[in-house]
file upload_11.tsv (TSV, C-alpha atoms)
chain	number	residue	atom	x	y	z
R	1	MET	CA	44.92	-83.29	30.35
R	2	ASN	CA	42.46	-84.47	27.80
R	3	ALA	CA	43.59	-88.05	27.61
R	4	GLU	CA	40.01	-89.23	27.66
R	5	ASN	CA	38.78	-87.34	24.65
R	6	LYS	CA	41.07	-89.07	22.20
R	7	GLU	CA	39.21	-89.03	18.98
R	8	ASN	CA	40.40	-89.60	15.51
R	9	LEU	CA	41.12	-86.00	14.59
R	10	LYS	CA	42.38	-86.87	11.14
R	11	GLU	CA	39.19	-88.75	10.35
R	12	LEU	CA	37.11	-85.90	11.72
R	13	PHE	CA	38.87	-83.26	9.64
R	14	GLU	CA	38.78	-85.45	6.54
R	15	LYS	CA	35.04	-84.78	6.42
R	16	PHE	CA	35.87	-81.16	5.59
R	17	VAL	CA	39.31	-81.13	3.94
R	18	GLY	CA	41.57	-83.47	2.01
R	19	ALA	CA	43.46	-86.31	3.71
R	20	GLU	CA	46.81	-84.55	3.58
R	21	GLN	CA	45.51	-81.31	5.04
R	22	ALA	CA	43.52	-83.20	7.67
R	23	GLU	CA	46.73	-84.93	8.77
R	24	ARG	CA	48.48	-81.55	9.03
R	25	ILE	CA	45.66	-80.00	11.07
R	26	ALA	CA	45.53	-82.98	13.43
R	27	ASP	CA	49.28	-82.64	13.88
R	28	ASP	CA	48.92	-78.91	14.66
R	29	ILE	CA	46.36	-79.70	17.36
R	30	ARG	CA	48.50	-82.45	18.89
R	31	LYS	CA	51.56	-80.18	19.01
R	32	ALA	CA	49.59	-77.32	20.56
R	33	GLU	CA	48.25	-79.69	23.18
R	34	GLN	CA	51.80	-80.82	23.83
R	35	ILE	CA	52.79	-77.19	24.46
R	36	LEU	CA	49.84	-76.74	26.81
R	37	SER	CA	50.91	-79.86	28.74
R	38	GLU	CA	54.41	-78.45	29.13
R	39	TYR	CA	53.02	-75.35	30.84
R	40	PRO	CA	50.63	-76.64	33.48
R	41	ALA	CA	48.34	-74.06	35.04
R	42	PRO	CA	48.71	-73.54	38.79
R	43	ALA	CA	46.56	-75.75	41.00
R	44	PRO	CA	43.96	-74.27	43.33
R	45	ASP	CA	45.12	-73.72	46.91
R	46	ASP	CA	44.08	-76.25	49.54
R	47	VAL	CA	42.61	-73.34	51.48
R	48	LEU	CA	40.42	-72.42	48.51
R	49	ILE	CA	39.23	-76.03	48.15
R	50	ALA	CA	38.42	-76.23	51.87
R	51	ASP	CA	36.64	-72.89	51.65
R	52	ILE	CA	34.52	-74.03	48.69
R	53	LYS	CA	33.56	-77.23	50.52
R	54	ALA	CA	32.62	-75.21	53.60
R	55	GLN	CA	30.55	-72.82	51.49
R	56	ILE	CA	28.69	-75.76	49.95
R	57	ALA	CA	28.02	-77.34	53.34
R	58	GLU	CA	26.75	-74.01	54.61
R	59	ALA	CA	24.60	-73.39	51.55
R	60	LEU	CA	22.84	-76.75	51.58
R	61	PRO	CA	20.67	-76.46	54.73
R	62	HIS	CA	19.76	-72.89	53.76
R	63	GLY	CA	18.57	-74.23	50.45
R	64	GLN	CA	16.33	-76.69	52.25
R	65	VAL	CA	14.95	-73.93	54.46
R	66	ASN	CA	14.25	-71.89	51.34
R	67	VAL	CA	12.38	-74.81	49.84
R	68	PHE	CA	10.37	-75.10	53.07
R	69	ARG	CA	9.66	-71.37	53.00
R	70	ARG	CA	8.52	-71.54	49.39
R	71	ILE	CA	6.16	-74.40	50.24
R	72	ALA	CA	4.85	-72.50	53.30
R	73	TYR	CA	4.25	-69.34	51.25
R	74	LYS	CA	2.50	-71.29	48.51
R	75	THR	CA	0.34	-73.09	51.08
R	76	ALA	CA	-0.59	-69.78	52.70
R	77	ILE	CA	-1.53	-68.29	49.32
R	78	VAL	CA	-3.63	-71.33	48.41
R	79	ALA	CA	-5.34	-71.26	51.82
R	80	ALA	CA	-6.11	-67.56	51.45
R	81	ALA	CA	-7.50	-68.14	47.97
R	82	VAL	CA	-9.71	-70.99	49.23
R	83	ILE	CA	-11.08	-68.80	52.03
R	84	VAL	CA	-11.85	-65.93	49.64
R	85	ILE	CA	-13.54	-68.27	47.14
R	86	ALA	CA	-15.54	-69.94	49.91
R	87	ALA	CA	-16.69	-66.56	51.25
R	88	ILE	CA	-17.73	-65.40	47.77
R	89	SER	CA	-19.52	-68.72	47.11
R	90	VAL	CA	-21.48	-68.43	50.35
R	91	ARG	CA	-22.62	-64.92	49.43
R	92	LEU	CA	-23.52	-65.88	45.86
R	93	PHE	CA	-25.28	-69.21	46.35
R	94	ASP	CA	-26.65	-69.16	49.86
R	95	LYS	CA	-29.56	-66.74	49.44
R	96	GLY	CA	-31.95	-68.45	51.93
R	97	PRO	CA	-32.52	-67.36	55.51
R	98	VAL	CA	-29.41	-67.77	57.54
R	99	GLU	CA	-29.77	-69.85	60.64
R	100	VAL	CA	-27.52	-68.44	63.27
R	101	THR	CA	-26.08	-70.88	65.78
R	102	TYR	CA	-24.14	-70.01	68.85
R	103	ALA	CA	-21.23	-71.89	70.32
R	104	SER	CA	-20.25	-71.60	73.89
R	105	MET	CA	-16.79	-70.27	74.71
R	106	ILE	CA	-16.87	-72.38	77.87
R	107	PRO	CA	-16.33	-76.11	77.37
R	108	ASP	CA	-19.15	-78.47	78.30
R	109	ALA	CA	-17.08	-80.10	81.03
R	110	LEU	CA	-16.80	-76.82	82.92
R	111	TRP	CA	-20.34	-75.69	82.07
R	112	GLU	CA	-21.84	-78.84	83.52
R	113	SER	CA	-19.52	-78.95	86.48
R	114	SER	CA	-21.18	-78.85	89.88
R	115	ASP	CA	-18.01	-77.74	91.65
R	116	ILE	CA	-17.87	-74.14	90.45
R	117	SER	CA	-15.58	-72.87	93.19
R	118	ALA	CA	-12.99	-75.56	92.46
R	119	ASP	CA	-13.24	-74.70	88.79
R	120	TYR	CA	-12.69	-71.06	89.58
R	121	VAL	CA	-9.59	-71.93	91.59
R	122	GLU	CA	-8.22	-73.93	88.66
R	123	LEU	CA	-9.00	-71.05	86.36
R	124	ALA	CA	-7.14	-68.70	88.65
R	125	ILE	CA	-4.13	-71.08	88.81
R	126	LEU	CA	-4.14	-71.49	85.07
R	127	ASN	CA	-4.29	-67.76	84.61
R	128	ALA	CA	-1.37	-67.25	87.00
R	129	GLU	CA	0.70	-69.93	85.24
R	130	ILE	CA	0.00	-68.44	81.85
R	131	GLU	CA	1.06	-65.00	83.09
R	132	GLN	CA	4.26	-66.46	84.54
R	133	ILE	CA	5.05	-68.29	81.30
R	134	GLU	CA	4.34	-65.16	79.27
R	135	GLY	CA	6.76	-63.26	81.47
R	136	GLU	CA	9.44	-65.94	81.03
R	137	ALA	CA	8.91	-66.08	77.29
R	138	MET	CA	9.24	-62.33	77.01
R	139	ALA	CA	12.42	-62.41	79.10
R	140	LEU	CA	13.84	-65.13	76.85
R	141	GLU	CA	12.95	-63.24	73.70
R	142	LEU	CA	14.69	-60.18	75.05
R	143	GLY	CA	17.69	-62.37	75.90
R	144	GLU	CA	17.59	-61.45	79.56
R	145	ASN	CA	18.27	-64.97	80.81
R	146	GLY	CA	21.21	-65.58	78.49
R	147	GLY	CA	20.09	-69.14	77.77
R	148	ASN	CA	19.42	-71.01	74.54
R	149	GLY	CA	16.48	-68.82	73.48
R	150	GLN	CA	14.71	-70.87	70.85
R	151	ALA	CA	15.00	-74.19	72.68
R	152	ASP	CA	13.77	-72.62	75.90
R	153	VAL	CA	10.83	-70.95	74.19
R	154	ALA	CA	9.91	-74.28	72.60
R	155	GLU	CA	10.12	-75.95	76.02
R	156	ILE	CA	7.83	-73.34	77.53
R	157	GLU	CA	5.37	-73.72	74.68
R	158	MET	CA	5.28	-77.46	75.35
R	159	GLU	CA	4.68	-76.76	79.04
R	160	LEU	CA	1.86	-74.40	78.18
R	161	ILE	CA	0.22	-76.94	75.93
R	162	ALA	CA	0.52	-79.62	78.64
R	163	ILE	CA	-1.01	-77.34	81.31
R	164	ASN	CA	-3.81	-76.34	78.98
R	165	SER	CA	-4.53	-79.95	78.13
R	166	ASP	CA	-4.47	-81.05	81.80
R	167	PHE	CA	-6.81	-78.25	82.77
R	168	TRP	CA	-9.53	-79.12	80.28
R	169	LYS	CA	-9.27	-82.80	81.14
R	170	GLY	CA	-10.25	-81.80	84.67
V	1	MET	CA	32.26	-99.76	39.58
V	2	THR	CA	33.07	-97.85	36.37
V	3	LYS	CA	33.99	-94.17	36.36
V	4	SER	CA	30.63	-93.18	34.86
V	5	ASP	CA	28.74	-95.28	37.44
V	6	ASN	CA	30.72	-93.59	40.17
V	7	LEU	CA	29.96	-90.15	38.73
V	8	ALA	CA	26.26	-91.04	38.45
V	9	ARG	CA	26.28	-92.11	42.11
V	10	ILE	CA	27.94	-88.83	43.13
V	11	ILE	CA	25.42	-86.78	41.13
V	12	THR	CA	22.52	-88.66	42.73
V	13	GLY	CA	24.01	-87.83	46.12
V	14	CYS	CA	24.32	-84.16	45.15
V	15	LYS	CA	20.69	-84.06	44.05
V	16	ALA	CA	19.74	-85.50	47.45
V	17	GLY	CA	21.61	-82.62	49.09
V	18	SER	CA	24.64	-84.56	50.31
V	19	ALA	CA	27.52	-82.23	51.17
V	20	GLU	CA	29.88	-85.19	50.92
V	21	SER	CA	28.88	-85.82	47.31
V	22	PHE	CA	29.43	-82.17	46.44
V	23	ALA	CA	32.83	-82.37	48.13
V	24	GLN	CA	33.65	-85.31	45.85
V	25	LEU	CA	32.74	-83.23	42.80
V	26	VAL	CA	35.08	-80.53	44.11
V	27	ASP	CA	37.90	-83.09	44.35
V	28	VAL	CA	37.21	-84.45	40.86
V	29	TYR	CA	36.87	-81.19	38.93
V	30	ALA	CA	38.44	-78.31	40.88
V	31	SER	CA	41.94	-78.57	39.36
V	32	ARG	CA	40.68	-78.76	35.81
V	33	PHE	CA	38.26	-75.87	36.13
V	34	TYR	CA	40.84	-73.82	37.98
V	35	GLY	CA	43.29	-74.37	35.13
V	36	TYR	CA	40.59	-73.49	32.64
V	37	PHE	CA	39.74	-70.23	34.43
V	38	TYR	CA	43.39	-69.37	35.02
V	39	ARG	CA	44.36	-69.80	31.37
V	40	LEU	CA	41.39	-67.65	30.35
V	41	THR	CA	41.95	-64.85	32.84
V	42	GLY	CA	45.66	-65.10	33.72
V	43	ASP	CA	44.77	-64.09	37.27
V	44	LYS	CA	44.84	-66.32	40.33
V	45	GLU	CA	42.48	-64.25	42.44
V	46	VAL	CA	39.91	-64.06	39.68
V	47	SER	CA	40.28	-67.81	39.10
V	48	ASP	CA	39.65	-68.37	42.81
V	49	GLU	CA	36.45	-66.34	42.58
V	50	LEU	CA	35.25	-67.97	39.39
V	51	LEU	CA	35.89	-71.46	40.74
V	52	SER	CA	33.94	-70.66	43.92
V	53	GLU	CA	31.14	-69.25	41.81
V	54	LEU	CA	31.08	-72.37	39.67
V	55	TYR	CA	30.41	-74.53	42.72
V	56	VAL	CA	27.80	-72.12	44.07
V	57	LYS	CA	26.01	-72.39	40.72
V	58	LEU	CA	26.44	-76.15	40.78
V	59	VAL	CA	24.63	-76.36	44.13
V	60	GLU	CA	21.87	-74.09	42.81
V	61	LYS	CA	21.43	-75.83	39.47
V	62	ILE	CA	22.12	-79.51	40.16
V	63	SER	CA	18.40	-80.30	40.24
V	64	SER	CA	18.10	-79.01	36.66
V	65	TYR	CA	20.68	-81.51	35.38
V	66	LYS	CA	18.59	-84.09	33.53
V	67	GLY	CA	21.26	-86.44	32.25
V	68	GLY	CA	23.57	-86.41	29.25
V	69	SER	CA	27.20	-85.39	29.44
V	70	PHE	CA	27.73	-83.97	32.92
V	71	GLU	CA	31.05	-82.43	31.91
V	72	SER	CA	29.45	-80.68	28.98
V	73	TRP	CA	26.74	-79.33	31.30
V	74	LEU	CA	29.31	-78.19	33.86
V	75	PHE	CA	31.59	-76.58	31.26
V	76	LYS	CA	28.57	-74.73	29.89
V	77	ILE	CA	28.04	-73.22	33.35
V	78	ALA	CA	31.76	-72.42	33.60
V	79	THR	CA	31.68	-70.72	30.19
V	80	ASN	CA	28.67	-68.61	31.21
V	81	ILE	CA	30.46	-67.61	34.41
V	82	PHE	CA	33.49	-66.55	32.38
V	83	HIS	CA	31.28	-64.54	29.99
V	84	ASP	CA	29.61	-62.79	32.96
V	85	TYR	CA	33.06	-62.00	34.29
V	86	LEU	CA	34.06	-60.51	30.92
V	87	ARG	CA	30.93	-58.35	30.82
V	88	GLY	CA	31.65	-57.09	34.33
V	89	LYS	CA	35.25	-56.47	33.36
V	90	GLN	CA	34.16	-54.35	30.40
V	91	ARG	CA	31.98	-52.22	32.66
V	92	ARG	CA	34.83	-51.84	35.13
V	93	ARG	CA	37.21	-50.97	32.30
V	94	LYS	CA	35.12	-47.94	31.36
V	95	LEU	CA	35.14	-46.74	34.95
V	96	LEU	CA	38.86	-47.26	35.18
V	97	GLU	CA	39.65	-45.30	32.02
V	98	VAL	CA	39.66	-42.09	34.00
V	99	ARG	CA	41.98	-43.50	36.65
V	100	LYS	CA	44.27	-45.02	34.06
V	101	ARG	CA	45.80	-41.75	32.97
V	102	GLN	CA	46.60	-40.82	36.54
V	103	LEU	CA	48.20	-44.19	37.20
V	104	GLU	CA	50.28	-44.11	34.03
V	105	SER	CA	52.02	-40.95	35.10
V	106	ARG	CA	52.87	-42.54	38.46
V	107	LYS	CA	54.01	-45.76	36.80
V	108	LYS	CA	56.62	-43.94	34.79
V	109	LYS	CA	58.06	-42.50	37.95
V	110	LYS	CA	58.16	-45.70	39.89
V	111	GLU	CA	59.18	-48.96	38.23
V	112	VAL	CA	57.99	-51.85	40.35
V	113	LYS	CA	59.93	-55.04	40.15
V	114	LYS	CA	57.59	-58.00	39.93
V	115	SER	CA	58.11	-61.10	42.06
V	116	ASP	CA	58.43	-64.50	40.37
V	117	SER	CA	54.86	-65.41	41.21
V	118	GLU	CA	53.60	-62.28	39.52
V	119	ILE	CA	55.45	-62.92	36.28
V	120	ALA	CA	53.11	-64.75	33.96
V	121	ASP	CA	54.57	-67.79	32.25
V	122	LYS	CA	55.37	-67.64	28.57
V	123	LEU	CA	52.25	-69.57	27.62
V	124	GLN	CA	50.01	-67.13	29.48
V	125	ILE	CA	51.62	-64.15	27.73
V	126	GLN	CA	51.08	-65.71	24.31
V	127	LEU	CA	47.57	-66.90	25.11
V	128	GLU	CA	46.56	-63.33	25.80
V	129	LYS	CA	47.44	-62.50	22.20
V	130	LEU	CA	44.67	-64.77	20.96
V	131	ASP	CA	41.20	-63.30	20.79
V	132	THR	CA	38.94	-64.29	23.68
V	133	ASP	CA	36.73	-66.66	21.72
V	134	MET	CA	39.68	-68.48	20.20
V	135	ARG	CA	41.44	-68.74	23.56
V	136	GLU	CA	38.25	-70.04	25.11
V	137	LEU	CA	37.85	-72.69	22.44
V	138	VAL	CA	41.47	-73.89	22.75
V	139	MET	CA	41.14	-74.07	26.54
V	140	LEU	CA	37.81	-75.83	26.31
V	141	ARG	CA	39.37	-78.43	24.05
V	142	PHE	CA	42.33	-78.88	26.38
V	143	TYR	CA	40.72	-78.78	29.83
V	144	SER	CA	37.40	-80.44	29.14
V	145	GLN	CA	37.27	-84.07	28.22
V	146	LEU	CA	34.71	-83.35	25.58
V	147	LYS	CA	34.74	-84.48	22.01
V	148	LEU	CA	34.83	-81.74	19.39
V	149	LYS	CA	31.28	-82.62	18.40
V	150	GLU	CA	30.16	-82.01	21.99
V	151	ILE	CA	32.08	-78.72	22.11
V	152	ALA	CA	30.35	-77.60	18.89
V	153	GLU	CA	26.95	-78.49	20.38
V	154	MET	CA	27.81	-76.63	23.56
V	155	ARG	CA	28.75	-73.55	21.58
V	156	SER	CA	25.65	-73.93	19.41
V	157	GLU	CA	27.61	-73.80	16.19
V	158	PRO	CA	28.23	-76.21	13.30
V	159	ILE	CA	31.11	-78.58	13.91
V	160	GLY	CA	32.88	-77.26	10.79
V	161	THR	CA	33.02	-73.80	12.39
V	162	THR	CA	34.40	-75.23	15.63
V	163	LEU	CA	37.08	-77.23	13.80
V	164	SER	CA	38.10	-74.29	11.67
V	165	ARG	CA	38.36	-71.88	14.63
V	166	LEU	CA	40.18	-74.45	16.75
V	167	HIS	CA	42.72	-75.03	14.01
V	168	ARG	CA	43.34	-71.31	13.58
V	169	GLY	CA	43.70	-70.95	17.34
V	170	VAL	CA	46.19	-73.78	17.88
V	171	LYS	CA	48.17	-72.82	14.80
V	172	ARG	CA	48.47	-69.22	15.99
V	173	LEU	CA	49.44	-70.40	19.47
V	174	ARG	CA	52.14	-72.66	18.06
V	175	GLU	CA	53.54	-69.82	15.99
V	176	LEU	CA	53.60	-67.51	19.00
V	177	MET	CA	55.24	-70.11	21.24
V	178	GLU	CA	57.91	-71.04	18.69
V	179	ARG	CA	59.08	-67.47	18.18

call {"tool": "encode", "arguments": {"input": "upload_11.tsv", "output": "structure tokens"}}
result
Amino acid sequence: MNAENKENLKELFEKFVGAEQAERIADDIRKAEQILSEYPAPAPDDVLIADIKAQIAEALPHGQVNVFRRIAYKTAIVAAAVIVIAAISVRLFDKGPVEVTYASMIPDALWESSDISADYVELAILNAEIEQIEGEAMALELGENGGNGQADVAEIEMELIAINSDFWKG
Amino acid sequence: MTKSDNLARIITGCKAGSAESFAQLVDVYASRFYGYFYRLTGDKEVSDELLSELYVKLVEKISSYKGGSFESWLFKIATNIFHDYLRGKQRRRKLLEVRKRQLESRKKKKEVKKSDSEIADKLQIQLEKLDTDMRELVMLRFYSQLKLKEIAEMRSEPIGTTLSRLHRGVKRLRELMER
């Protein structure tokens, strides 16, 4: 078994005992190893080997997900810390009068539009589409459609983004 | 490509998360570690579990391998797994003490004939007469491809101590086997 760790046992033992005794000890070790070779241990089953390989293959992607999760958690913690520090800094250092500015919830494109009725129609359509998509998403989450849940939800999200984008483009 | 180059390539693959590289490490080392665990425990099922655990640990810890003798690193993990198993066994032994007395009375009544596969070979019977540390050292010497100096470093003891204990172990084993 240990063909590769051939080392000069006699020489090694001679550092601690006399040459004659070192020779005897080295001989004892060689003979014991001979006995061990004559009684080979059983080999692992092929099923066990296959099972170990499967376990490894299964464990690897999970490990990567865990790494991703760790990074996500760390990022969230750092972001939260930055927000808290920023809020404290604003309170501590910005003692002057605060100028309040207002931002419109309605985009400029719609605000400046002259065709209000058409805009209202589009708003109504958008609203209806969003409601329909929400309904479908809920049905998917509840597994009512029996389809590939996650992929379908992703598809609907993409649709929603596209509709939203188209709407604001006009 | 030399054997060490090949091993280095496999380890790099493992660090990159390649299942194929890990599978290669299973092919290279499984038999040796199985033999090592079997000779230490004398139990196939336990050896199955310990071997699986070794590879689980390998996947978990491969990123912490920073070079040096890979076999020494891997045998260190295997040794720790065996020690954990022994600690668990000791705990279980205490719990089983109560049951033991009940079982002994039943055993006397019913003598079960063991099948061939259940009968431990002569070597296994004699190995169990060595103390655990001595048995572990002899098996480490036989199943690992480590030099005695590396084994001493792994066990964190002076090489003189390792040599002395190894000699006592193999001598005792020879005596037991030649009876």

call {"tool": "residues_around", "arguments": {"input": "upload_11.tsv", "residues": "Val56 (chain V)", "least_positions_apart": "6", "cutoff": "9 Å", "atoms": "all atoms listed in the file", "output": "list in words"}}
result
Ile52, Gln55, Ile56 and Ala59 of chain R

call {"tool": "residues_around", "arguments": {"input": "upload_11.tsv", "residues": "region 10-22 of chain R", "least_positions_apart": "6", "cutoff": "12 Å", "atoms": "only C-alpha atoms", "output": "count of residues only"}}
result
15

call {"tool": "interface_residues", "arguments": {"input": "upload_11.tsv", "of": "chain V", "to": "chain R", "cutoff": "6 Å", "atoms": "all atoms listed in the file", "output": "PDB file with C-alpha atoms, keeping the file's coordinate frame"}}
result
ATOM      1  CA  ALA V  19      27.520 -82.230  51.170  1.00  0.00           C
ATOM      2  CA  ALA V  23      32.830 -82.370  48.130  1.00  0.00           C
ATOM      3  CA  SER V  31      41.940 -78.570  39.360  1.00  0.00           C
ATOM      4  CA  GLY V  35      43.290 -74.370  35.130  1.00  0.00           C
ATOM      5  CA  SER V  52      33.940 -70.660  43.920  1.00  0.00           C
ATOM      6  CA  PHE V 142      42.330 -78.880  26.380  1.00  0.00           C
ATOM      7  CA  GLN V 145      37.270 -84.070  28.220  1.00  0.00           C
ATOM      8  CA  LEU V 146      34.710 -83.350  25.580  1.00  0.00           C
ATOM      9  CA  LYS V 147      34.740 -84.480  22.010  1.00  0.00           C
ATOM     10  CA  VAL V 170      46.190 -73.780  17.880  1.00  0.00           C
ATOM     11  CA  ARG V 174      52.140 -72.660  18.060  1.00  0.00           C
TER      12      ARG V 174
END

call {"tool": "closest_residue", "arguments": {"input": "upload_11.tsv", "among": "V:Ile151, V:Leu173, V:Ile10, V:Val46", "to": "Arg135 (chain V)", "atoms": "all atoms listed in the file"}}
result
V:Leu173

call {"tool": "residues_around", "arguments": {"input": "upload_11.tsv", "residues": "Met154 (chain V)", "least_positions_apart": "3", "cutoff": "7 Å", "atoms": "all atoms listed in the file", "output": "MDAnalysis selection string"}}
result
chainID V and resid 72 76 150:151

call {"tool": "residues_around", "arguments": {"input": "upload_11.tsv", "residues": "Lys129 (chain V)", "least_positions_apart": "5", "cutoff": "12 Å", "atoms": "only C-alpha atoms", "output": "ChimeraX atom specification"}}
result
/V:40,42,122-124,134-135,169,172-177

call {"tool": "atom_distance", "arguments": {"input": "upload_11.tsv", "atom1": "CA of Ile62 (chain V)", "atom2": "CA of Leu7 (chain V)"}}
result
13.3 Å

call {"tool": "residues_around", "arguments": {"input": "upload_11.tsv", "residues": "Asn80 (chain V)", "least_positions_apart": "3", "cutoff": "12 Å", "atoms": "only C-alpha atoms", "output": "list of chain:residue names"}}
result
V:Phe37, V:Leu50, V:Glu53, V:Leu54, V:Lys57, V:Trp73, V:Leu74, V:Phe75, V:Lys76, V:Ile77, V:His83, V:Asp84, V:Tyr85, V:Leu86, V:Arg87, V:Glu136, V:Met154, V:Arg155
